[in-house]
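Report on one structure; see the data block that follows.
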Amino acid sequence: MKTDRLLRPRSIAIVGASDTVGPGFNAWKALEHVGFEGQVHLVNPNKPELFGRKTYASLNDIDSDVDAVFVAVAAHRVLEVADQAIARNAGALAIMSSGFSDAGDEGTALQQALAERANAHQLAVCGPNCLGLLNFSARSALFGTSLPDRVERGNIAAVVQSGSIGIALLNSARGLGLSHMITSGNEAVTTTADYLEALIEDDAVKTIIIFAEQIRKPAKFMEMVKRARSVGKPVIVLKSGRSERGQAAVMAHTGAVAGSVEACDAALAASGAIQVFTLDELLETAALVSQLRGRPTATGVGAMSLSGGEIALALDAIDDAGVAFPPLGKAAEETIGGLMPEYAHLSNPLDLTWAGLYDANVAEGCARALGSQPDVGSLLLLQDAPTGLGAQQAGRYATLLQAVARGAEAAGKPLIALSNLSDDPHPELKRAAQSVGVPYLRGTREALSALARYSRWATHPAPAPLPTTPAKVLTEVNAALDQYQTRMPAEHEARDMLTGYGVTGPEERFVQTAQEAADAAGAIGFPVVLKCMVVDMVHKSDAGFVRLKLATPEAVRDAAEDMLTRARAAGGGAVLGLLVQKMAAPVAEILVGARVDPDFGPLIVVGAGGIHVELYKDVAIRIAPISETEALAALESTKAARILDGFRGSPPADKAAVARMVSNLSRFIADFADRVKEVEINPLAVFENGKGCAALDCVIVPSTDRS
């Protein structure tokens, strides 16, 4: 969807123009605010003149070109206006009117009719149910609410589904410099992904912030975020609807049904978005990204402060924020030790003591030494700066900040200042920070989170190339899937299907009778596991069709007869047979699974397994496929990884084998996303380091319709 005539119109019509305060009045005032230099046509059938200009009864009466139309009429009149705009060969509409998909079935039908007209005639549409948009860099506006007297201009483009969020950002005292404010509303036609496509190509835009209630056109959205990253434009995303009640509010507000939270998070991470979770985090991250001179060269942070208390606050927050403070290297410790008094505690974060406050050379030298460490990618000055500071103290703090900035510049590392307080820093410190290009962030957790996320974004390596699946394996799996048109593959059949992807299981026999089960157990060796295979039964344990640690032929025979009798009496799915397996003795058992999300495509899941997986939800989710390195990182992000490291005296488990399994299964779901809905190995038995892992249970859910 082309957005040129929406974002950069040469001529604008306001339908519903008025000299009474409201949308039609505000739209005119917005054009004055931005200094629009193109033609403006005012449409109002009831007044011959407004603002000293001739008005028109309808779009049909305008005798010159119209690029874009701002629409401020009732919902039932919007289609008529759209038809007139199409007849005039207009290129865009910004529709403030509500009463579409945000207002039940009738409104949804109206929105569908609008979308059909617009798509048929390549008409870009902002909204409906939005405030419109502002392009400060191009001095154009299609915007229907009042503006503050002054909006800080800069290189941040904001795309927000909520008009209220847009108003908050426009009026925030945080002073973000905006190039665009786009309130996208219901996104009936033109979506955030379409705006992203245009903003990436706009030289006036360096940073993009997004507030989304639902991500429409998810594939294009993720492609655009990746493209933005490739050209060095960070995209910061705040997605609402993370809780059940939040999802309900999203649905009521815009008619959007929030997608899978975990899938969305995984997709944002995979595409290279910087995801935040509150408006405060959005503001601080945007301030950091847009104001910082240079980019972090590593994820480690070198921090300094005049206060042990402020250092303690930062250390308390680092786990949640994800910040790393590398220890002082030998060279840095020697240099800093030569500058600081004997009683100083040499560490990172570094307490500069009074010496750093009263001697600028000390502060500058310590910053330079700390910043010279290769594992330190940025420097951080922890310094509260409340507005009520006296002039003398504010002056000292400003001198300190400038000294640290000189040291950071000498070390070639960017510097950030952080106030633990969320209020506006003292004017003198703000001026000092601005003079040396240092963003002054506010709030301990918000600021540290912003720094951690941006550091990861700036230093994230390009993804490693993945191996391709041999054609022979693809052919074999396709042939196997063809056999399961009327039922799911049973456990052993699913495991066999995954052999080409490196999946193995315990030694096993598939049999039909109780006596055959007893004989198979004797051949395998005791103890064994016995399972009853019933068509399309996923959770065999819940039905009592799994027995563990059977140690004699009699025990196997009795258990088999009991299972077969109950399965046949239950009258459910047909009984396929009995599976006898060698009992495994792993270090730990985990879950590895994959599914195809309807919005974001194939996903891979790894984490704590067993029957309580849905209760604890200790899993990591990534967009598939992923490399073994990425798989290991995903595993390490879960609590289950601690068990594999050797918990309470148990030996370390083979995490490399798990990473290989996760990567292989991610390739499987990516290879067969059009034929498989879900695959799960639960549990995956993980043995001692170097001894591999085995799929003790396996489920594949084909996506073909089965009758």
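All residue names refer to the structure tokens as shown: chains lettered A, B, ... in order, residues numbered from 1 in each chain, ligands numbered from 1 in order.
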Got a sec: who's within 10 Å of stretch 354-371 of chain A, counting only C-alpha atoms, leaving out chain neighbours fewer than 6 positions off, as a PyMOL selection string?
chain A and resi 301-307+326-329+331-341+344+347-348+377-381+396-415
Enumerate, as a ChimeraX atom specification, the complete set of residues in stretch 41-232 of chain A that a backbone-based DSSP assignment places in strand (DSSP E or B).
/A:41-43,49-50,53-56,68-71,92-95,124-126,132-135,140-143,153-160,178-183,207-212
Enumerate the residues of stretch 342-499 of chain A with a DSSP assignment of helix (DSSP H, G or I), computed from the backbone, and present them as number ranges by chain.
A: 353-358, 360-371, 391-411, 427-435, 444-459, 471-482, 491-497, 499
Near stretch 484-493 of chain A, counting only C-alpha atoms, which residues have an atom at most 9 Å away, once you skip same-chain residues fewer than 4 positions from it, shown as a list in words?
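My reading of the contact set: Ala480, Met497, Leu498, Gly505, Glu508, Phe510, Met533, Val534, Val535, Asp536, Met537, Val538, Leu576, Leu579, Asp697, Cys698, Val699, Ile700, Val701, Pro702, Thr704, Asp705, Arg706 and Ser707 of chain A.
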Write out as a ChimeraX atom specification the residues lying within 7 Å of stretch 6-18 of chain A, counting only C-alpha atoms and excluding same-chain residues fewer than 6 positions away.
/A:24-25,38-44,65-73,91-92,124,135,138,140
Would you put the residues from that selection into a file with N, CA, C and O atoms, as an mmCIF file, in the first residue's frame?
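In the end it all went to again-v2.cif:
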```
data_model
loop_
_atom_site.group_PDB
_atom_site.id
_atom_site.type_symbol
_atom_site.label_atom_id
_atom_site.label_comp_id
_atom_site.auth_asym_id
_atom_site.auth_seq_id
_atom_site.Cartn_x
_atom_site.Cartn_y
_atom_site.Cartn_z
ATOM 1 N N GLY A 24 -12.990 19.148 13.145
ATOM 2 C CA GLY A 24 -12.873 19.950 11.929
ATOM 3 C C GLY A 24 -12.129 21.246 12.135
ATOM 4 O O GLY A 24 -11.468 21.762 11.221
ATOM 5 N N PHE A 25 -12.199 21.794 13.322
ATOM 6 C CA PHE A 25 -11.444 22.999 13.694
ATOM 7 C C PHE A 25 -9.978 22.637 13.959
ATOM 8 O O PHE A 25 -9.055 23.303 13.479
ATOM 9 N N GLY A 38 0.853 23.627 1.173
ATOM 10 C CA GLY A 38 0.064 23.212 0.018
ATOM 11 C C GLY A 38 -1.332 23.808 0.031
ATOM 12 O O GLY A 38 -1.681 24.644 0.874
ATOM 13 N N GLN A 39 -2.167 23.362 -0.909
ATOM 14 C CA GLN A 39 -3.542 23.825 -1.000
ATOM 15 C C GLN A 39 -4.403 23.165 0.079
ATOM 16 O O GLN A 39 -4.228 21.980 0.381
ATOM 17 N N VAL A 40 -5.336 23.929 0.653
ATOM 18 C CA VAL A 40 -6.272 23.406 1.644
ATOM 19 C C VAL A 40 -7.691 23.725 1.181
ATOM 20 O O VAL A 40 -7.999 24.879 0.846
ATOM 21 N N HIS A 41 -8.555 22.703 1.155
ATOM 22 C CA HIS A 41 -9.951 22.856 0.752
ATOM 23 C C HIS A 41 -10.829 22.510 1.950
ATOM 24 O O HIS A 41 -10.697 21.412 2.517
ATOM 25 N N LEU A 42 -11.712 23.423 2.327
ATOM 26 C CA LEU A 42 -12.587 23.224 3.483
ATOM 27 C C LEU A 42 -13.971 22.819 3.001
ATOM 28 O O LEU A 42 -14.586 23.526 2.192
ATOM 29 N N VAL A 43 -14.456 21.679 3.493
ATOM 30 C CA VAL A 43 -15.756 21.158 3.062
ATOM 31 C C VAL A 43 -16.746 21.269 4.213
ATOM 32 O O VAL A 43 -16.580 20.631 5.260
ATOM 33 N N ASN A 44 -17.755 22.112 4.019
ATOM 34 C CA ASN A 44 -18.846 22.282 4.981
ATOM 35 C C ASN A 44 -20.053 22.812 4.215
ATOM 36 O O ASN A 44 -20.038 23.959 3.753
ATOM 37 N N ASP A 65 -6.998 19.576 -7.719
ATOM 38 C CA ASP A 65 -6.578 18.264 -7.220
ATOM 39 C C ASP A 65 -6.669 18.185 -5.694
ATOM 40 O O ASP A 65 -6.463 19.177 -4.986
ATOM 41 N N VAL A 66 -6.944 16.970 -5.226
ATOM 42 C CA VAL A 66 -6.941 16.674 -3.791
ATOM 43 C C VAL A 66 -6.098 15.425 -3.580
ATOM 44 O O VAL A 66 -6.425 14.363 -4.108
ATOM 45 N N ASP A 67 -5.022 15.565 -2.838
ATOM 46 C CA ASP A 67 -4.175 14.407 -2.527
ATOM 47 C C ASP A 67 -4.749 13.589 -1.372
ATOM 48 O O ASP A 67 -4.821 12.358 -1.438
ATOM 49 N N ALA A 68 -5.100 14.270 -0.270
ATOM 50 C CA ALA A 68 -5.524 13.583 0.947
ATOM 51 C C ALA A 68 -6.730 14.294 1.549
ATOM 52 O O ALA A 68 -6.870 15.513 1.431
ATOM 53 N N VAL A 69 -7.577 13.499 2.216
ATOM 54 C CA VAL A 69 -8.803 14.026 2.799
ATOM 55 C C VAL A 69 -8.847 13.668 4.279
ATOM 56 O O VAL A 69 -8.710 12.480 4.639
ATOM 57 N N PHE A 70 -9.021 14.680 5.131
ATOM 58 C CA PHE A 70 -9.282 14.429 6.550
ATOM 59 C C PHE A 70 -10.790 14.359 6.740
ATOM 60 O O PHE A 70 -11.517 15.276 6.344
ATOM 61 N N VAL A 71 -11.275 13.274 7.340
ATOM 62 C CA VAL A 71 -12.708 13.000 7.436
ATOM 63 C C VAL A 71 -13.151 13.096 8.891
ATOM 64 O O VAL A 71 -12.719 12.312 9.736
ATOM 65 N N ALA A 72 -14.041 14.077 9.168
ATOM 66 C CA ALA A 72 -14.565 14.267 10.521
ATOM 67 C C ALA A 72 -16.087 14.344 10.451
ATOM 68 O O ALA A 72 -16.697 15.357 10.788
ATOM 69 N N VAL A 73 -16.685 13.241 9.949
ATOM 70 C CA VAL A 73 -18.151 13.140 9.889
ATOM 71 C C VAL A 73 -18.565 11.825 10.540
ATOM 72 O O VAL A 73 -17.733 10.956 10.819
ATOM 73 N N GLY A 91 -5.620 10.309 -3.092
ATOM 74 C CA GLY A 91 -4.746 9.181 -2.789
ATOM 75 C C GLY A 91 -4.830 8.671 -1.375
ATOM 76 O O GLY A 91 -4.284 7.609 -1.062
ATOM 77 N N ALA A 92 -5.526 9.427 -0.486
ATOM 78 C CA ALA A 92 -5.497 9.028 0.919
ATOM 79 C C ALA A 92 -6.663 9.626 1.687
ATOM 80 O O ALA A 92 -7.161 10.717 1.357
ATOM 81 N N ALA A 124 -4.883 4.910 0.309
ATOM 82 C CA ALA A 124 -4.336 4.726 1.654
ATOM 83 C C ALA A 124 -5.317 5.304 2.674
ATOM 84 O O ALA A 124 -5.916 6.360 2.434
ATOM 85 N N ASN A 135 3.227 14.932 10.133
ATOM 86 C CA ASN A 135 4.564 14.748 9.587
ATOM 87 C C ASN A 135 5.291 16.077 9.747
ATOM 88 O O ASN A 135 5.162 16.981 8.922
ATOM 89 N N ALA A 138 7.964 17.004 6.983
ATOM 90 C CA ALA A 138 7.433 17.444 5.690
ATOM 91 C C ALA A 138 6.390 18.544 5.842
ATOM 92 O O ALA A 138 5.803 18.981 4.857
ATOM 93 N N SER A 140 3.284 18.531 7.103
ATOM 94 C CA SER A 140 1.917 18.192 6.703
ATOM 95 C C SER A 140 1.181 17.604 7.895
ATOM 96 O O SER A 140 1.800 17.063 8.823
#
```
Write out as a count of residues only the residues lying within 8 Å of A:Pro148, counting only C-alpha atoms and excluding same-chain residues fewer than 3 positions away.
3
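You can rank A:Tyr343, A:Phe221, A:Tyr454, A:Phe687 by their closest distance to A:Ala321 using only C-alpha atoms, and at the top of that list sits A:Tyr454.
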Can you tell me, as a VMD selection string, what residues are no more than 12 Å from A:Glu201 when counting only C-alpha atoms, ignoring any on the same chain fewer than 3 positions away?
chain A and resid 3 to 4 194 to 198 204 to 208 224 227 to 228 231 to 233
Leaving out A:Thr108 and any residue of its chain fewer than 5 positions from it, which residues lie within 10 Å of it when counting only C-alpha atoms, given as a ChimeraX atom specification?
/A:99-103,113-114,188,255
Write a file of the just-selected residues containing N, CA, C and O atoms, as a JSON list (two decimals), in the first residue's frame.
```json
[["chain", "number", "residue", "atom", "x", "y", "z"],
["A", 99, "GLY", "N", -17.00, 4.00, 15.26],
["A", 99, "GLY", "CA", -18.23, 3.33, 14.89],
["A", 99, "GLY", "C", -18.02, 2.28, 13.81],
["A", 99, "GLY", "O", -18.94, 1.94, 13.07],
["A", 100, "PHE", "N", -16.81, 1.76, 13.73],
["A", 100, "PHE", "CA", -16.50, 0.74, 12.73],
["A", 100, "PHE", "C", -16.28, -0.61, 13.44],
["A", 100, "PHE", "O", -17.15, -1.03, 14.18],
["A", 101, "SER", "N", -15.13, -1.25, 13.25],
["A", 101, "SER", "CA", -14.94, -2.55, 13.91],
["A", 101, "SER", "C", -14.85, -2.41, 15.42],
["A", 101, "SER", "O", -14.88, -3.41, 16.15],
["A", 102, "ASP", "N", -14.75, -1.19, 15.90],
["A", 102, "ASP", "CA", -14.75, -0.93, 17.34],
["A", 102, "ASP", "C", -16.17, -0.90, 17.91],
["A", 102, "ASP", "O", -16.35, -0.66, 19.10],
["A", 103, "ALA", "N", -17.20, -1.12, 17.04],
["A", 103, "ALA", "CA", -18.59, -0.94, 17.49],
["A", 103, "ALA", "C", -19.50, -2.07, 17.03],
["A", 103, "ALA", "O", -20.63, -1.83, 16.61],
["A", 113, "ALA", "N", -16.62, -2.76, 4.08],
["A", 113, "ALA", "CA", -17.00, -2.07, 2.84],
["A", 113, "ALA", "C", -16.00, -0.95, 2.52],
["A", 113, "ALA", "O", -15.62, -0.74, 1.36],
["A", 114, "LEU", "N", -15.56, -0.24, 3.55],
["A", 114, "LEU", "CA", -14.55, 0.82, 3.35],
["A", 114, "LEU", "C", -13.25, 0.22, 2.83],
["A", 114, "LEU", "O", -12.64, 0.75, 1.88],
["A", 188, "ALA", "N", -7.85, -0.33, 9.11],
["A", 188, "ALA", "CA", -8.72, -1.05, 8.17],
["A", 188, "ALA", "C", -8.02, -1.33, 6.86],
["A", 188, "ALA", "O", -8.30, -2.35, 6.21],
["A", 255, "GLY", "N", -11.44, -3.58, 18.18],
["A", 255, "GLY", "CA", -11.93, -4.71, 17.42],
["A", 255, "GLY", "C", -10.82, -5.69, 17.08],
["A", 255, "GLY", "O", -11.02, -6.60, 16.28]]
```
Using only C-alpha atoms, which of A:Asn689, A:Gln373, A:Gln161, A:Ser97 sits nearest A:Ile215?
A:Gln161
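Between atom CA of A:Ala570 and atom CA of A:Ala543 the separation is 10.2 Å.
Using only C-alpha atoms, the nearest neighbour of A:Gly309 within the list A:Leu350, A:Ala266, A:Ala75, A:Ala391 is A:Leu350.
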Between A:Glu80, A:Thr183, A:Glu106, A:Ala118, smallest distance to A:Leu133 by only C-alpha atoms belongs to A:Thr183
Have a look at atom CA of A:Phe647 and atom CA of A:Ile590 and let me know their distance in Å, one decimal.
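So the two atoms, atom CA of A:Phe647 and atom CA of A:Ile590, lie 14.2 Å apart.
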